[in-house]
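Trainee: Following this line is target-v2.txt, made up of compact mmCIF, C-alpha atoms (C1' of nucleotides):
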```txt
# COMPACT_ATOMS: atom_id res chain seq x y z
CA MET T 5 20.26 -2.75 7.66
CA GLN T 6 23.55 -1.24 6.52
CA GLU T 7 22.61 2.08 8.08
CA LEU T 8 21.82 0.42 11.38
CA LEU T 9 24.99 -1.65 11.26
CA LYS T 10 27.04 1.45 10.66
CA ALA T 11 25.46 3.00 13.74
CA THR T 12 25.94 0.00 16.01
CA ARG T 13 29.54 -0.40 14.87
CA ALA T 14 30.13 3.24 15.69
CA LEU T 15 28.84 2.61 19.20
CA SER T 16 30.97 -0.48 19.79
CA ASP T 17 34.02 1.44 20.97
CA GLU T 18 34.73 2.98 24.35
CA THR T 19 36.35 6.12 22.98
CA ARG T 20 33.30 6.86 20.88
CA LEU T 21 30.86 6.23 23.70
CA ARG T 22 32.86 8.68 25.78
CA ILE T 23 32.80 11.23 22.98
CA LEU T 24 29.04 10.92 22.69
CA THR T 25 28.64 11.51 26.39
CA VAL T 26 30.79 14.61 26.19
CA LEU T 27 28.73 15.87 23.28
CA LEU T 28 25.56 15.25 25.25
CA GLU T 29 26.93 17.98 27.50
CA ARG T 30 27.58 20.51 24.77
CA GLU T 31 28.99 21.23 21.32
CA CYS T 32 32.77 20.71 21.14
CA CYS T 33 35.70 21.29 18.85
CA VAL T 34 38.24 18.53 18.33
CA CYS T 35 40.75 20.02 20.73
CA GLU T 36 38.17 20.12 23.51
CA VAL T 37 37.38 16.45 22.97
CA MET T 38 41.11 15.71 23.15
CA GLN T 39 41.39 17.46 26.47
CA ALA T 40 38.23 16.01 27.96
CA LEU T 41 39.17 12.42 27.13
CA GLU T 42 42.94 12.92 27.35
CA ILE T 43 43.55 11.34 23.97
CA SER T 44 45.62 12.29 20.94
CA GLN T 45 44.47 14.67 18.24
CA SER T 46 44.33 12.07 15.49
CA ARG T 47 42.41 9.72 17.74
CA ALA T 48 39.83 12.38 18.58
CA SER T 49 39.48 13.46 14.97
CA ARG T 50 39.14 9.98 13.60
CA ASN T 51 36.53 8.86 16.09
CA LEU T 52 34.50 12.04 15.62
CA CYS T 53 34.60 11.31 11.92
CA ILE T 54 33.29 7.78 12.46
CA LEU T 55 30.43 9.05 14.60
CA PHE T 56 29.68 11.70 11.98
CA ASN T 57 29.59 9.17 9.14
CA ALA T 58 27.31 6.96 11.19
CA GLY T 59 24.78 9.81 11.37
CA PHE T 60 25.16 10.81 15.00
CA LEU T 61 26.77 14.22 14.59
CA ARG T 62 26.60 17.45 12.68
CA THR T 63 29.37 19.96 12.23
CA ARG T 64 29.81 23.65 11.65
CA ARG T 65 32.80 25.88 11.33
CA ASP T 66 33.64 28.68 13.69
CA GLY T 67 36.77 30.33 12.41
CA PRO T 68 39.61 27.86 12.65
CA TRP T 69 37.54 25.42 14.68
CA VAL T 70 35.24 22.64 13.56
CA LEU T 71 32.44 22.25 16.07
CA TYR T 72 30.82 18.88 16.49
CA SER T 73 27.45 18.36 18.12
CA LEU T 74 24.80 15.68 18.40
CA ASP T 75 22.40 15.71 15.47
CA THR T 76 19.23 15.44 17.51
CA GLU T 77 17.02 16.54 14.63
CA SER T 78 18.50 14.13 12.14
CA ASP T 79 16.19 12.27 9.79
CA ASN T 80 18.37 9.30 10.71
CA HIS T 81 15.91 7.66 13.08
CA VAL T 82 18.42 4.99 13.93
CA ALA T 83 21.00 7.38 15.34
CA VAL T 84 18.47 9.45 17.23
CA ALA T 85 16.85 6.43 18.85
CA LEU T 86 20.14 4.87 19.85
CA VAL T 87 21.53 8.05 21.37
CA ASN T 88 18.37 8.45 23.41
CA SER T 89 18.86 4.97 24.79
CA LEU T 90 22.52 5.54 25.49
CA GLU T 91 21.95 8.77 27.35
CA GLY T 92 20.38 6.92 30.24
CA LEU T 93 22.73 3.98 30.10
CA LEU T 94 25.84 6.14 30.34
CA ALA T 95 24.56 8.48 33.02
CA GLY T 96 26.67 8.46 36.14
CA ASN T 97 29.41 6.32 34.67
CA GLU T 98 32.73 6.94 36.42
CA ILE T 99 34.78 7.53 33.31
CA THR T 100 32.32 9.84 31.64
CA VAL T 101 31.92 11.88 34.80
CA LEU T 102 35.67 12.53 34.71
CA ASP T 103 35.53 13.32 31.00
CA ARG T 104 32.86 15.92 31.61
CA LYS T 105 34.79 17.41 34.49
CA ARG T 106 37.82 17.86 32.28
CA LEU T 107 35.59 19.24 29.55
CA ALA T 108 34.41 21.94 31.90
CA GLU T 109 38.02 23.00 32.36
CA ALA T 110 38.98 22.62 28.71
CA GLU T 111 39.97 25.64 26.68
CA ARG T 112 39.53 26.10 23.00
CA VAL T 113 43.21 26.00 22.28
CA GLY T 114 44.50 23.74 19.59
CA PRO T 115 46.42 20.51 19.75
CA GLY T 116 49.62 22.37 19.03
CA CYS T 117 50.01 23.16 22.70
CA VAL T 118 49.87 19.49 23.51
CA SER T 119 51.77 17.73 20.78
CA ARG T 120 54.14 20.33 19.34
CA ASN T 121 55.40 22.30 22.30
CA THR T 122 58.94 21.22 21.56
CA GLY T 123 59.29 22.61 18.07
CA MET E 24 30.94 0.97 30.95
CA GLN E 25 32.33 -2.50 30.25
CA GLU E 26 28.86 -3.98 30.42
CA LEU E 27 27.54 -1.43 27.96
CA LEU E 28 30.51 -1.93 25.66
CA LYS E 29 29.96 -5.67 25.67
CA ALA E 30 26.37 -5.05 24.63
CA THR E 31 27.14 -2.58 21.86
CA ARG E 32 29.90 -4.81 20.50
CA ALA E 33 27.43 -7.67 20.42
CA LEU E 34 25.11 -5.54 18.32
CA SER E 35 27.77 -4.47 15.84
CA ASP E 36 27.41 -7.49 13.61
CA GLU E 37 24.81 -8.26 10.97
CA THR E 38 24.47 -11.93 11.86
CA ARG E 39 23.70 -11.07 15.48
CA LEU E 40 21.18 -8.37 14.58
CA ARG E 41 19.44 -10.95 12.40
CA ILE E 42 19.46 -13.47 15.24
CA LEU E 43 17.92 -10.94 17.60
CA THR E 44 15.17 -10.22 15.12
CA VAL E 45 14.41 -13.91 14.79
CA LEU E 46 14.31 -14.26 18.56
CA LEU E 47 11.92 -11.31 18.75
CA GLU E 48 9.57 -13.64 16.89
CA ARG E 49 9.94 -16.57 19.25
CA GLU E 50 12.23 -18.84 21.25
CA CYS E 51 14.58 -20.88 19.04
CA CYS E 52 17.03 -23.71 19.23
CA VAL E 53 20.37 -23.44 17.44
CA CYS E 54 19.28 -25.52 14.49
CA GLU E 55 16.28 -23.28 13.89
CA VAL E 56 18.50 -20.21 13.86
CA MET E 57 20.74 -21.97 11.34
CA GLN E 58 17.83 -22.63 9.06
CA ALA E 59 16.27 -19.21 9.40
CA LEU E 60 19.48 -17.34 8.58
CA GLU E 61 20.93 -20.04 6.33
CA ILE E 62 24.22 -20.11 8.18
CA SER E 63 26.48 -22.85 9.52
CA GLN E 64 25.99 -24.53 12.88
CA SER E 65 29.19 -23.20 14.43
CA ARG E 66 28.37 -19.70 13.25
CA ALA E 67 24.88 -19.84 14.78
CA SER E 68 26.15 -21.29 18.04
CA ARG E 69 29.01 -18.84 18.41
CA ASN E 70 26.92 -15.78 17.76
CA LEU E 71 24.17 -16.95 20.08
CA CYS E 72 26.88 -17.37 22.70
CA ILE E 73 28.10 -13.82 22.17
CA LEU E 74 24.59 -12.43 22.52
CA PHE E 75 24.10 -14.53 25.64
CA ASN E 76 27.31 -13.32 27.25
CA ALA E 77 26.32 -9.74 26.46
CA GLY E 78 23.16 -10.21 28.52
CA PHE E 79 20.58 -10.31 25.76
CA LEU E 80 19.49 -13.93 25.98
CA ARG E 81 18.52 -16.66 28.36
CA THR E 82 18.60 -20.38 27.71
CA ARG E 83 16.83 -23.50 28.82
CA ARG E 84 17.14 -27.11 27.86
CA ASP E 85 14.40 -29.14 26.24
CA GLY E 86 15.72 -32.64 25.80
CA PRO E 87 18.57 -32.53 23.33
CA TRP E 88 17.86 -28.94 22.38
CA VAL E 89 19.10 -25.73 23.89
CA LEU E 90 16.43 -23.07 23.52
CA TYR E 91 17.49 -19.44 23.31
CA SER E 92 15.16 -16.53 23.90
CA LEU E 93 15.32 -12.83 24.58
CA ASP E 94 15.81 -12.06 28.24
CA THR E 95 13.20 -9.36 28.49
CA GLU E 96 13.10 -9.47 32.26
CA SER E 97 16.83 -9.25 32.72
CA ASP E 98 18.23 -7.02 35.41
CA ASN E 99 20.64 -5.98 32.70
CA HIS E 100 19.02 -2.64 31.91
CA VAL E 101 21.46 -2.03 29.12
CA ALA E 102 20.44 -5.06 27.12
CA VAL E 103 16.73 -4.55 27.68
CA ALA E 104 16.86 -0.90 26.64
CA LEU E 105 18.89 -1.58 23.53
CA VAL E 106 16.70 -4.42 22.34
CA ASN E 107 13.65 -2.23 22.75
CA SER E 108 15.27 0.37 20.52
CA LEU E 109 16.34 -2.19 17.97
CA GLU E 110 12.93 -3.75 17.67
CA GLY E 111 11.58 -0.67 15.93
CA LEU E 112 14.70 -0.03 13.92
CA LEU E 113 14.78 -3.51 12.42
CA ALA E 114 11.07 -3.78 11.70
CA GLY E 115 10.31 -4.34 8.04
CA ASN E 116 13.90 -4.87 7.03
CA GLU E 117 14.17 -6.99 3.89
CA ILE E 118 16.68 -9.46 5.20
CA THR E 119 14.97 -10.04 8.52
CA VAL E 120 11.61 -10.53 6.81
CA LEU E 121 13.15 -13.38 4.85
CA ASP E 122 14.77 -14.77 7.98
CA ARG E 123 11.44 -14.85 9.73
CA LYS E 124 9.77 -16.46 6.76
CA ARG E 125 12.34 -19.25 6.78
CA LEU E 126 11.96 -19.52 10.54
CA ALA E 127 8.26 -20.19 10.10
CA GLU E 128 9.15 -23.16 7.90
CA ALA E 129 12.03 -24.37 10.05
CA GLU E 130 11.84 -27.72 11.75
CA ARG E 131 13.50 -28.70 14.96
CA VAL E 132 15.86 -31.12 13.30
CA GLY E 133 19.52 -30.93 14.09
CA PRO E 134 22.45 -29.73 12.09
CA GLY E 135 23.37 -33.27 11.25
CA CYS E 136 20.97 -33.24 8.35
CA VAL E 137 22.76 -30.30 6.88
CA SER E 138 26.43 -30.80 7.51
CA ARG E 139 26.88 -34.54 7.95
CA ASN E 140 24.66 -36.15 5.38
CA THR E 141 27.66 -37.74 3.68
CA GLY E 142 28.96 -39.83 6.51
C1' DG F 30 52.23 34.74 -0.39
C1' DT F 31 53.67 33.43 4.24
C1' DT F 32 52.93 31.88 8.73
C1' DA F 33 50.72 29.73 12.64
C1' DG F 34 46.98 27.29 14.40
C1' DA F 35 43.27 23.57 13.95
C1' DT F 36 41.84 19.52 11.85
C1' DA F 37 42.11 15.55 8.60
C1' DT F 38 44.44 11.60 6.67
C1' DG F 39 47.99 8.08 4.56
C1' DC F 40 50.70 4.50 6.41
C1' DG F 41 52.30 0.65 9.14
C1' DG F 42 51.97 -2.36 13.02
C1' DA F 43 49.57 -4.55 16.88
C1' DT F 44 45.43 -6.53 18.10
C1' DA F 45 40.67 -8.13 17.58
C1' DT F 46 37.01 -10.25 14.99
C1' DG F 47 34.38 -13.61 12.19
C1' DC F 48 34.36 -17.75 9.94
C1' DG F 49 34.94 -22.72 8.41
C1' DC F 50 36.69 -27.02 9.55
C1' DA F 51 37.19 -30.61 12.52
C1' DT F 52 36.40 -32.36 16.87
C1' DA F 53 34.81 -32.41 21.65
C1' DT F 54 30.95 -32.33 24.83
C1' DC F 55 26.45 -33.20 26.32
C1' DT F 56 21.72 -35.56 26.22
C1' DA F 57 18.58 -39.24 25.50
C1' DA F 58 17.63 -43.75 24.18
C1' DT F 59 18.90 -48.47 23.82
C1' DA N 28 28.53 -48.81 27.56
C1' DT N 29 27.24 -47.56 23.03
C1' DT N 30 25.09 -44.87 19.65
C1' DA N 31 23.02 -40.93 17.38
C1' DG N 32 21.62 -36.37 17.58
C1' DA N 33 22.35 -31.39 19.14
C1' DT N 34 25.41 -28.01 20.58
C1' DA N 35 29.97 -26.09 21.93
C1' DT N 36 34.76 -25.14 21.02
C1' DG N 37 40.01 -25.34 19.64
C1' DC N 38 42.56 -23.95 15.73
C1' DG N 39 44.08 -21.35 11.81
C1' DC N 40 43.26 -18.02 8.33
C1' DA N 41 41.48 -13.81 6.23
C1' DT N 42 40.00 -9.52 7.28
C1' DA N 43 38.83 -5.50 10.06
C1' DT N 44 39.79 -2.29 13.68
C1' DC N 45 42.41 0.94 16.39
C1' DC N 46 46.16 3.69 17.24
C1' DG N 47 50.47 6.63 16.85
C1' DC N 48 53.36 8.94 13.87
C1' DA N 49 54.15 12.00 10.39
C1' DT N 50 52.27 14.84 7.07
C1' DA N 51 48.70 17.14 4.37
C1' DT N 52 44.85 20.31 4.25
C1' DC N 53 42.29 24.17 5.56
C1' DT N 54 41.48 28.81 7.88
C1' DA N 55 42.62 33.31 9.54
C1' DA N 56 45.78 36.94 10.14
C1' DC N 57 49.51 39.50 8.50
```
Just give me the structure of the file as structure tokens.

Mentor:
Amino acid sequence: MQELLKATRALSDETRLRILTVLLERECCVCEVMQALEISQSRASRNLCILFNAGFLRTRRDGPWVLYSLDTESDNHVAVALVNSLEGLLAGNEITVLDRKRLAEAERVGPGCVSRNTG
Amino acid sequence: MQELLKATRALSDETRLRILTVLLERECCVCEVMQALEISQSRASRNLCILFNAGFLRTRRDGPWVLYSLDTESDNHVAVALVNSLEGLLAGNEITVLDRKRLAEAERVGPGCVSRNTG
DNA sequence: GTTAGATATGCGGATATGCGCATATCTAAT
DNA sequence: ATTAGATATGCGCATATCCGCATATCTAAC
């Protein structure tokens, strides 16, 4: 029950639903998620972390980047089943279409360009 | 998106997951839900209301009772799809097994017996 | 070691949530 | 109209959630 609750709580937030939809498209680093959703770095990182802890994502390192992707082969049946349901339910949604469009134009540059271009 | 969010938020609570599991068994009035989950009347009523507003339930009156049941034929695809996923994920859960056991023994007597037997 | 870039996290504040308590509303019967 | 039973709801409190800000951590390159 606790595992399922953790998963449903993770899904009960618009930012995280949007992140999942972006990750349905392809593997992303944090800075790409930021750009796609037009949100802050800490917000992207935190919500990715929540999805990860709920069993939806896996990560790997590629140099300075941490790449997040959907864990479709997880032994966490809960997460896999719920993502499969969500995929159809989110398809065609206005917001997520925009997110994916911005993702397509996103570059793997870090958050520094966004939040620290003054110093 | 707002419709989906409303649904996922409704599912992000243990009490409501337990209520859904009980309703997967059969149609219930509020006082039966109270007895099955061993929770207060206001808690049962409120959470049923949240599930209803999220599109998971329908209601009908039977005399003094309001009967809640899963709205399996809803045009709310979101709710239908999510409940279908949940059904498998909750099957066999310890807590919900107990809830269903108590439901089997529940009687359609009102909350008065529980909360107002002193006055 | 130092530096710069990429990500994670402690903290505080605003807001949302879940609950119990008490009470209001609604129904049926008299 | 009155009463009793069944359900809904206003209110207040305790707690949880979400976010931005600032900072810490980690990696790679020098």

Trainee: Just the number, please: distance in Å from CA of Thr25 in chain T to CA of Ile73 in chain E, one decimal.

Mentor: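 Value for the CA of Thr25 in chain T-CA of Ile73 in chain E distance: 25.7 Å.
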
Trainee: One decimal, Å: what's the distance from C1' of DT56 in chain F over to C1' of DT34 in chain N, could you say?

Mentor: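 Computing the Euclidean distance for C1' of DT56 in chain F and C1' of DT34 in chain N yields 10.1 Å.
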
Trainee: Would you work out the distance separating CA of Val101 in chain E from CA of Gly115 in chain E, expressed in Å to one decimal?

Mentor: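 Interatomic distance, CA of Val101 in chain E to CA of Gly115 in chain E: 24.0 Å.
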
Trainee: What residues in chain E have any atom no more than 6 Å from chain T when counting all atoms listed in the file, and can you write them as a VMD selection string?

Mentor: chain E and resid 31 to 32 35

Trainee: Counting all atoms listed in the file, find the residues whose atoms lie at most 12 Å from (44.1, -15.2, 7.3) (file coordinates) and write them out as a PyMOL selection string.

Mentor: (chain F and resi 46-49) or (chain N and resi 39-43)

Trainee: Only C-alpha atoms (C1' of nucleotides), please: the residues just picked out, written as a CSV table (one decimal), in the frame of the given file.

Mentor:
```csv
chain,number,residue,atom,x,y,z
F,46,DT,C1',37.0,-10.2,15.0
F,47,DG,C1',34.4,-13.6,12.2
F,48,DC,C1',34.4,-17.8,9.9
F,49,DG,C1',34.9,-22.7,8.4
N,39,DG,C1',44.1,-21.4,11.8
N,40,DC,C1',43.3,-18.0,8.3
N,41,DA,C1',41.5,-13.8,6.2
N,42,DT,C1',40.0,-9.5,7.3
N,43,DA,C1',38.8,-5.5,10.1
```

Trainee: Leaving out DG39 in chain F and any residue of its chain fewer than 5 positions from it, which residues lie within 12 Å of it when counting only C-alpha atoms (C1' of nucleotides), given as an NGL selection string?

Mentor: :N and (48-51)

Trainee: Store the residues picked out above in a file with C-alpha atoms (C1' of nucleotides), as an mmCIF file, keeping the file's coordinate frame.

Mentor:
```cif
data_model
loop_
_atom_site.group_PDB
_atom_site.id
_atom_site.type_symbol
_atom_site.label_atom_id
_atom_site.label_comp_id
_atom_site.auth_asym_id
_atom_site.auth_seq_id
_atom_site.Cartn_x
_atom_site.Cartn_y
_atom_site.Cartn_z
ATOM 1 C "C1'" DC N 48 53.360 8.940 13.870
ATOM 2 C "C1'" DA N 49 54.150 12.000 10.390
ATOM 3 C "C1'" DT N 50 52.270 14.840 7.070
ATOM 4 C "C1'" DA N 51 48.700 17.140 4.370
#
```

Trainee: Using only C-alpha atoms (C1' of nucleotides), I'd like every residue of chain E that has an atom within 12 Å of chain F; please write them out as a PDB file with C-alpha atoms, in the coordinates of the input.

Mentor:
```pdb
ATOM      1  CA  ARG E  32      29.900  -4.810  20.500  1.00  0.00           C
ATOM      2  CA  ALA E  33      27.430  -7.670  20.420  1.00  0.00           C
ATOM      3  CA  SER E  35      27.770  -4.470  15.840  1.00  0.00           C
ATOM      4  CA  ASP E  36      27.410  -7.490  13.610  1.00  0.00           C
ATOM      5  CA  GLU E  37      24.810  -8.260  10.970  1.00  0.00           C
ATOM      6  CA  THR E  38      24.470 -11.930  11.860  1.00  0.00           C
ATOM      7  CA  ARG E  39      23.700 -11.070  15.480  1.00  0.00           C
ATOM      8  CA  ILE E  62      24.220 -20.110   8.180  1.00  0.00           C
ATOM      9  CA  SER E  63      26.480 -22.850   9.520  1.00  0.00           C
ATOM     10  CA  GLN E  64      25.990 -24.530  12.880  1.00  0.00           C
ATOM     11  CA  SER E  65      29.190 -23.200  14.430  1.00  0.00           C
ATOM     12  CA  ARG E  66      28.370 -19.700  13.250  1.00  0.00           C
ATOM     13  CA  ALA E  67      24.880 -19.840  14.780  1.00  0.00           C
ATOM     14  CA  ARG E  69      29.010 -18.840  18.410  1.00  0.00           C
ATOM     15  CA  ASN E  70      26.920 -15.780  17.760  1.00  0.00           C
ATOM     16  CA  ILE E  73      28.100 -13.820  22.170  1.00  0.00           C
ATOM     17  CA  ARG E  84      17.140 -27.110  27.860  1.00  0.00           C
ATOM     18  CA  ASP E  85      14.400 -29.140  26.240  1.00  0.00           C
ATOM     19  CA  GLY E  86      15.720 -32.640  25.800  1.00  0.00           C
ATOM     20  CA  PRO E  87      18.570 -32.530  23.330  1.00  0.00           C
ATOM     21  CA  TRP E  88      17.860 -28.940  22.380  1.00  0.00           C
ATOM     22  CA  VAL E  89      19.100 -25.730  23.890  1.00  0.00           C
ATOM     23  CA  SER E 138      26.430 -30.800   7.510  1.00  0.00           C
ATOM     24  CA  ARG E 139      26.880 -34.540   7.950  1.00  0.00           C
TER      25      ARG E 139
END
```

Trainee: Give the residues of chain N that lie within 8 Å of chain T; count all atoms listed in the file, and format the answer as a VMD selection string.

Mentor: chain N and resid 46 54 to 55
